[in-house]
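Presented below is the structure to which this report refers.
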Amino acid sequence: MCVTVAMIPFLSVVADAGDLVVYPPDRTAVRRSVLDIVVSVGDRTIRGIEVRNESTGSTTYRSAAEIDPDEYESPHVSAVLSFGENKLVVDVEYVDGVKERVEIGVFRLALWGDLAVAPSGYSELTFHDDGRFSGCERCHQLRSATADTLPQPPSRSTCYPCHRRLAENEHVHGPTATFQCLTCHVQDDAGYEIAAAGDSLCFLCHVEEAPNFRRQYVHGPINTGDCLLCHDVHSSGHAFMLLDSINAVCDVCHLGEQYDNHPVVGHPVASRPDPSRVNRDLSCTSCHDPHSSDVSPYLFYRSTGVHSLCRECHRK
Ligand code: HEC
Ligand code: HEC
Ligand code: HEC
Ligand code: HEC
Ligand code: HEC
Ligand code: HEC
Ligand code: HEC
Ligand code: HEC
């Protein structure tokens, strides 16, 4: 039941946010850029729902007509988050003109830096743990099924209705596209465990490529098994599921400016076709292998030294 406090006619601020917004709880820390807000309206008829992110100024609105009839009692609206604190104002408008408002704080965690840790008061939510969200089970299946090991077709996976957006991206990882989620996520009573730690998870499948990571000179983050400092494990908008474009990924750890004249004065490192690779532009990986190499400093694996590297593209 909603306990409401009258503010101005027809607009009430709901005293306990959890009565209206059932997911996410106020002051939740998440690792995603788009978050689904699930609202509970019971059998009341709504006109629409608006979510305004006061921290970015962006607004999402769903009118009653846009809401799936099957989710009517618990309409979902998504919000786009920026890194750090996001103040979300959720306005529900009913057909009788009454409006209800709830404000919730959500913190989007970054991979590194100051925003990688949630400030006090916020806690990172584990969704699939102790049955806290069993209300979702009226419409969704929260326990994985045996057929989820290799769902045919992928949309038959019990994960699909809630997590399909992981596969709606330009570059999708093989096992995300096929919804073989359970290869990497093992469900037990406490929730989900990752099947293997660090890069051993990757080498469950990438056995054939393993030697490419074990050449004589091994790049720092490969040595520590931190594949996800550069790659997204599910999908991304960048080739090879990188977190950003290639040079921007390198730039995170190697200060950009010093490569303006690299490796010789005036040499381009981007924005030109790469003569050695069909349909690719020049980038740091035109000359460096991001994983490992037999030639220091991680020169492209086909070269035997700096001069043979130059000849990959300058044939005279
Ligand atoms: C009244 C029924 C109902 C309830 C209760 C419900 N959902 Fe849903 N949900 C739906 C329907 C219908 C869809 C659309 C699924 C589809 O198109 O396959 C959906 C989709 C979703 C999506 C995907 C949204 C997208 O755009 O990709 C997420 C995430 C989700 N639900 C989470 C939840 C959570 C978390 C709860 C519990 C707090 C919950 N749902 C409770 C009916 C419901
Ligand atoms: C009712 C919708 C729903 C269904 C069905 C669902 N999930 Fe989730 N899951 C969520 C939500 C909501 C989160 C919280 C993070 C987020 O917003 O994406 C989450 C988080 C997770 C996490 C991160 C750890 C955690 O517990 O927060 C994993 C791993 C995960 N889901 C795997 C799965 C797998 C695998 C399946 C299918 C076997 C599945 N989920 C089915 C809604 C759902
Ligand atoms: C190749 C292994 C792998 C596969 C396949 C995989 N995951 Fe994950 N997933 C991970 C790892 C590793 C993490 C932890 C990521 C991190 O800490 O950055 C993760 C994190 C998550 C999270 C929480 C963070 C986030 O990105 O939202 C959710 C939700 C999730 N997985 C759901 C799924 C679902 C659903 C599927 C199937 C479509 C799936 N995963 C397939 C390895 C995998
Ligand atoms: C369940 C098996 C499986 C696991 C585990 C797995 N991968 Fe993959 N990966 C695949 C498949 C299948 C492909 C697609 C191969 C192809 O298209 O030739 C792929 C392709 C890739 C690609 C290339 C994508 C592209 O656009 O060319 C990258 C990068 C990648 N995986 C990284 C990883 C990382 C990092 C991990 C560990 C966190 C990992 N994979 C774990 C099965 C897996
Ligand atoms: C320093 C950033 C970085 C790290 C860390 C990293 N990768 Fe990559 N990876 C890249 C880049 C950049 C490419 C694209 C290479 C190119 O341009 O051809 C790539 C390509 C790939 C590919 C597809 C092409 C190929 O070489 O087979 C796979 C598979 C892959 N990475 C797996 C992994 C795995 C597994 C790990 C962890 C052991 C890992 N990567 C760690 C940056 C990284
Ligand atoms: C997560 C941080 C990180 C990222 C991202 C990263 N590197 Fe590195 N890189 C390191 C560390 C740490 C070292 C020094 C230790 C070593 O030599 O392995 C290093 C060393 C190097 C070296 C050798 C320097 C020398 O003096 O021998 C090269 C070349 C290099 N990286 C290229 C790249 C390229 C190309 C990319 C993008 C694909 C990249 N790095 C992305 C952390 C990173
Ligand atoms: C056209 C080929 C080429 C491109 C493109 C290129 N490099 Fe290099 N890089 C080299 C060569 C050759 C060396 C070794 C220079 C030497 O030994 O004097 C080197 C050396 C390095 C080193 C170690 C020495 C130093 O300067 O600290 C790092 C780190 C490095 N490159 C990173 C990068 C990054 C990051 C990019 C992308 C912005 C990049 N490189 C693009 C060819 C290239
Ligand atoms: C992956 C391909 C590639 C590699 C490897 C490479 N270059 Fe280049 N280089 C280019 C491209 C592309 C240009 C720009 C050509 C243009 O503007 O027409 C260029 C331009 C140059 C220029 C400027 C020429 C001019 O027209 O002003 C010099 C000098 C040069 N490279 C030297 C080197 C040296 C020395 C090496 C080895 C350390 C090297 N390059 C390795 C692709 C490469």
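By convention here, the chains of the structure tokens are called A, B, ... in the order presented, each chain's residues are numbered starting at 1, and ligands are numbered starting at 1 in the order presented.
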Nearby residues, ligand 6, 9 Å, only C-alpha atoms and all ligand atoms, as number ranges by chain: A: 217-223, 226-227, 229-230, 246-254, 283-292, 296-299
Next, dump the selected residues to file, keeping only C-alpha atoms, as a short mmCIF file (atom, residue, chain, number, x, y, z; two decimals), in the first residue's frame.
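Once written, result36.cif looks like this:
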data_model
loop_
_atom_site.label_atom_id
_atom_site.label_comp_id
_atom_site.auth_asym_id
_atom_site.auth_seq_id
_atom_site.Cartn_x
_atom_site.Cartn_y
_atom_site.Cartn_z
CA TYR A 217 57.16 -10.56 -24.05
CA VAL A 218 53.80 -10.41 -22.31
CA HIS A 219 51.93 -7.11 -21.98
CA GLY A 220 51.30 -5.90 -18.38
CA PRO A 221 47.52 -6.45 -18.13
CA ILE A 222 47.82 -9.90 -19.78
CA ASN A 223 50.37 -10.91 -17.16
CA ASP A 226 42.91 -8.69 -16.60
CA CYS A 227 41.27 -9.18 -20.01
CA LEU A 229 40.42 -3.89 -18.64
CA CYS A 230 40.15 -3.69 -22.44
CA ILE A 246 41.58 0.81 -29.98
CA ASN A 247 43.70 3.95 -29.46
CA ALA A 248 41.39 5.22 -26.73
CA VAL A 249 41.75 1.89 -24.92
CA CYS A 250 45.56 2.19 -25.01
CA ASP A 251 45.34 5.82 -24.00
CA VAL A 252 43.78 4.92 -20.65
CA CYS A 253 47.17 3.66 -19.43
CA HIS A 254 49.63 5.21 -21.93
CA SER A 283 45.90 2.25 -34.91
CA CYS A 284 48.25 1.25 -32.12
CA THR A 285 47.62 -2.41 -33.02
CA SER A 286 48.87 -1.85 -36.59
CA CYS A 287 52.34 -2.11 -35.06
CA HIS A 288 51.83 -3.50 -31.54
CA ASP A 289 50.26 -6.75 -30.45
CA PRO A 290 48.03 -5.91 -27.47
CA HIS A 291 48.60 -9.32 -25.87
CA SER A 292 52.17 -10.54 -26.36
CA SER A 296 59.98 -5.99 -27.88
CA PRO A 297 58.12 -3.63 -27.40
CA TYR A 298 55.23 -5.95 -28.32
CA LEU A 299 55.74 -5.37 -32.01
#
Spatial neighbours of Asp232 of chain A, max dist 12 Å, only C-alpha atoms, sep filter under 6 positions, as a list in words: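 After dropping sequence-adjacent residues, the list is Arg32, Leu111, Leu166, Ala167, Asn169, His171, Val172, His173, Thr176, Cys202, Asp226, His238, Ala239, Phe240, Met241, Leu242, Leu243, Asp244 and Val249 of chain A.
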Once you count only C-alpha atoms and all ligand atoms, what closest atom pair and distance in Å to one decimal does each residue of chain A within 6 Å of ligand 2 have, with rows by chain and rising residue number, as JSON lines?
{"residue": "A:Leu35", "atom": "CA", "partner": "ligand 2", "partner_atom_place_in_ligand_line": "17 (O)", "distance": 5.7}
{"residue": "A:Thr126", "atom": "CA", "partner": "ligand 2", "partner_atom_place_in_ligand_line": "27 (O)", "distance": 3.6}
{"residue": "A:Phe127", "atom": "CA", "partner": "ligand 2", "partner_atom_place_in_ligand_line": "27 (O)", "distance": 3.7}
{"residue": "A:His128", "atom": "CA", "partner": "ligand 2", "partner_atom_place_in_ligand_line": "26 (O)", "distance": 3.8}
{"residue": "A:Cys136", "atom": "CA", "partner": "ligand 2", "partner_atom_place_in_ligand_line": "1 (C)", "distance": 5.4}
{"residue": "A:His140", "atom": "CA", "partner": "ligand 2", "partner_atom_place_in_ligand_line": "1 (C)", "distance": 5.1}
{"residue": "A:Gln141", "atom": "CA", "partner": "ligand 2", "partner_atom_place_in_ligand_line": "5 (C)", "distance": 5.1}
{"residue": "A:Leu142", "atom": "CA", "partner": "ligand 2", "partner_atom_place_in_ligand_line": "5 (C)", "distance": 4.8}
{"residue": "A:Ser144", "atom": "CA", "partner": "ligand 2", "partner_atom_place_in_ligand_line": "38 (C)", "distance": 4.0}
{"residue": "A:Thr158", "atom": "CA", "partner": "ligand 2", "partner_atom_place_in_ligand_line": "37 (C)", "distance": 5.0}
{"residue": "A:Cys159", "atom": "CA", "partner": "ligand 2", "partner_atom_place_in_ligand_line": "37 (C)", "distance": 3.3}
{"residue": "A:Cys162", "atom": "CA", "partner": "ligand 2", "partner_atom_place_in_ligand_line": "2 (C)", "distance": 4.4}
{"residue": "A:Cys181", "atom": "CA", "partner": "ligand 2", "partner_atom_place_in_ligand_line": "35 (C)", "distance": 5.0}
{"residue": "A:Leu182", "atom": "CA", "partner": "ligand 2", "partner_atom_place_in_ligand_line": "35 (C)", "distance": 5.7}
{"residue": "A:His185", "atom": "CA", "partner": "ligand 2", "partner_atom_place_in_ligand_line": "29 (C)", "distance": 5.8}
{"residue": "A:Gly191", "atom": "CA", "partner": "ligand 2", "partner_atom_place_in_ligand_line": "26 (O)", "distance": 5.7}
{"residue": "A:Tyr192", "atom": "CA", "partner": "ligand 2", "partner_atom_place_in_ligand_line": "29 (C)", "distance": 5.4}
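In terms of minimum interatomic distance to Arg143 of chain A, A:Asp189 ranks closest within A:Gly48, A:Asp43, A:Arg108, A:Asp189, counting only C-alpha atoms.
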Best match for closeness to Ala79 of chain A among A:Ser33, A:Asn261, A:Ser40, A:Thr178, counting only C-alpha atoms: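 Of all the options, A:Ser33 lies closest to Ala79 of chain A.
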Within 8 Å of Ser63 of chain A using only C-alpha atoms, minus same-chain residues under 3 positions, as a ChimeraX atom specification: /A:47-49,66-67
Interatomic distance, atom 9 (N, counted along the ligand's line) of ligand 5 to atom CA of Tyr301 of chain A (Å, one decimal): 13.4 Å
Listing only residues of chain A within 8 Å of ligand 8, what is the closest atom pair and its distance in Å (to one decimal) for each, using only C-alpha atoms and all ligand atoms, sorted by chain and residue number ascending, as a Markdown table?
| residue | atom | partner | partner_atom_place_in_ligand_line | distance |
| --- | --- | --- | --- | --- |
| A:Pro263 | CA | ligand 8 | 38 (C) | 5.9 |
| A:Val264 | CA | ligand 8 | 35 (C) | 6.1 |
| A:Val265 | CA | ligand 8 | 29 (C) | 7.3 |
| A:Gly266 | CA | ligand 8 | 23 (C) | 6.3 |
| A:His267 | CA | ligand 8 | 21 (C) | 5.1 |
| A:Pro268 | CA | ligand 8 | 13 (C) | 5.9 |
| A:Arg272 | CA | ligand 8 | 12 (C) | 5.7 |
| A:Pro273 | CA | ligand 8 | 12 (C) | 6.1 |
| A:Asp274 | CA | ligand 8 | 1 (C) | 5.4 |
| A:Pro275 | CA | ligand 8 | 2 (C) | 5.6 |
| A:Ser276 | CA | ligand 8 | 1 (C) | 5.5 |
| A:Arg277 | CA | ligand 8 | 1 (C) | 7.6 |
| A:Leu282 | CA | ligand 8 | 1 (C) | 6.1 |
| A:Ser283 | CA | ligand 8 | 1 (C) | 7.9 |
| A:Ser286 | CA | ligand 8 | 1 (C) | 4.4 |
| A:Cys287 | CA | ligand 8 | 5 (C) | 5.3 |
| A:Val306 | CA | ligand 8 | 38 (C) | 5.4 |
| A:His307 | CA | ligand 8 | 37 (C) | 5.9 |
| A:Ser308 | CA | ligand 8 | 37 (C) | 7.7 |
| A:Leu309 | CA | ligand 8 | 5 (C) | 4.9 |
| A:Cys310 | CA | ligand 8 | 37 (C) | 3.4 |
| A:Arg311 | CA | ligand 8 | 5 (C) | 6.7 |
| A:Glu312 | CA | ligand 8 | 5 (C) | 5.3 |
| A:Cys313 | CA | ligand 8 | 2 (C) | 4.4 |
| A:His314 | CA | ligand 8 | 7 (N) | 6.3 |
Residue nearest ligand 4 - candidates A:Val13, A:Ala65, A:Cys184, A:Val207, atoms counted: only C-alpha atoms and all ligand atoms: A:Cys184
Members of segment 42-95 of chain A assigned strand (DSSP E or B) by DSSP, as an MDAnalysis selection string: chainID A and resid 46:53 59:63 76:80 84:94
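DSSP on the backbone gives helix (DSSP H, G or I) for these parts of segment 50-169 of chain A: Ala64, Ala65, Glu66, Pro69, Asp70, Glu71, Asp114, Leu115, Ala116, Ser134, Gly135, Cys136, Glu137, Arg138, Thr146, Ala147, Asp148, Thr149, Pro154, Ser155, Arg156, Tyr160, Pro161, Cys162, His163, Arg164, Arg165, Leu166 and Ala167 of chain A.
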Separation of atom 34 (C, counted along the ligand's line) of ligand 4 from atom CA of His234 of chain A, in Å and rounded to one decimal: 8.7 Å
Within 8 Å of Val77 of chain A using only C-alpha atoms, minus same-chain residues under 4 positions, as a PyMOL selection string: chain A and resi 36-38+49-51+60-62
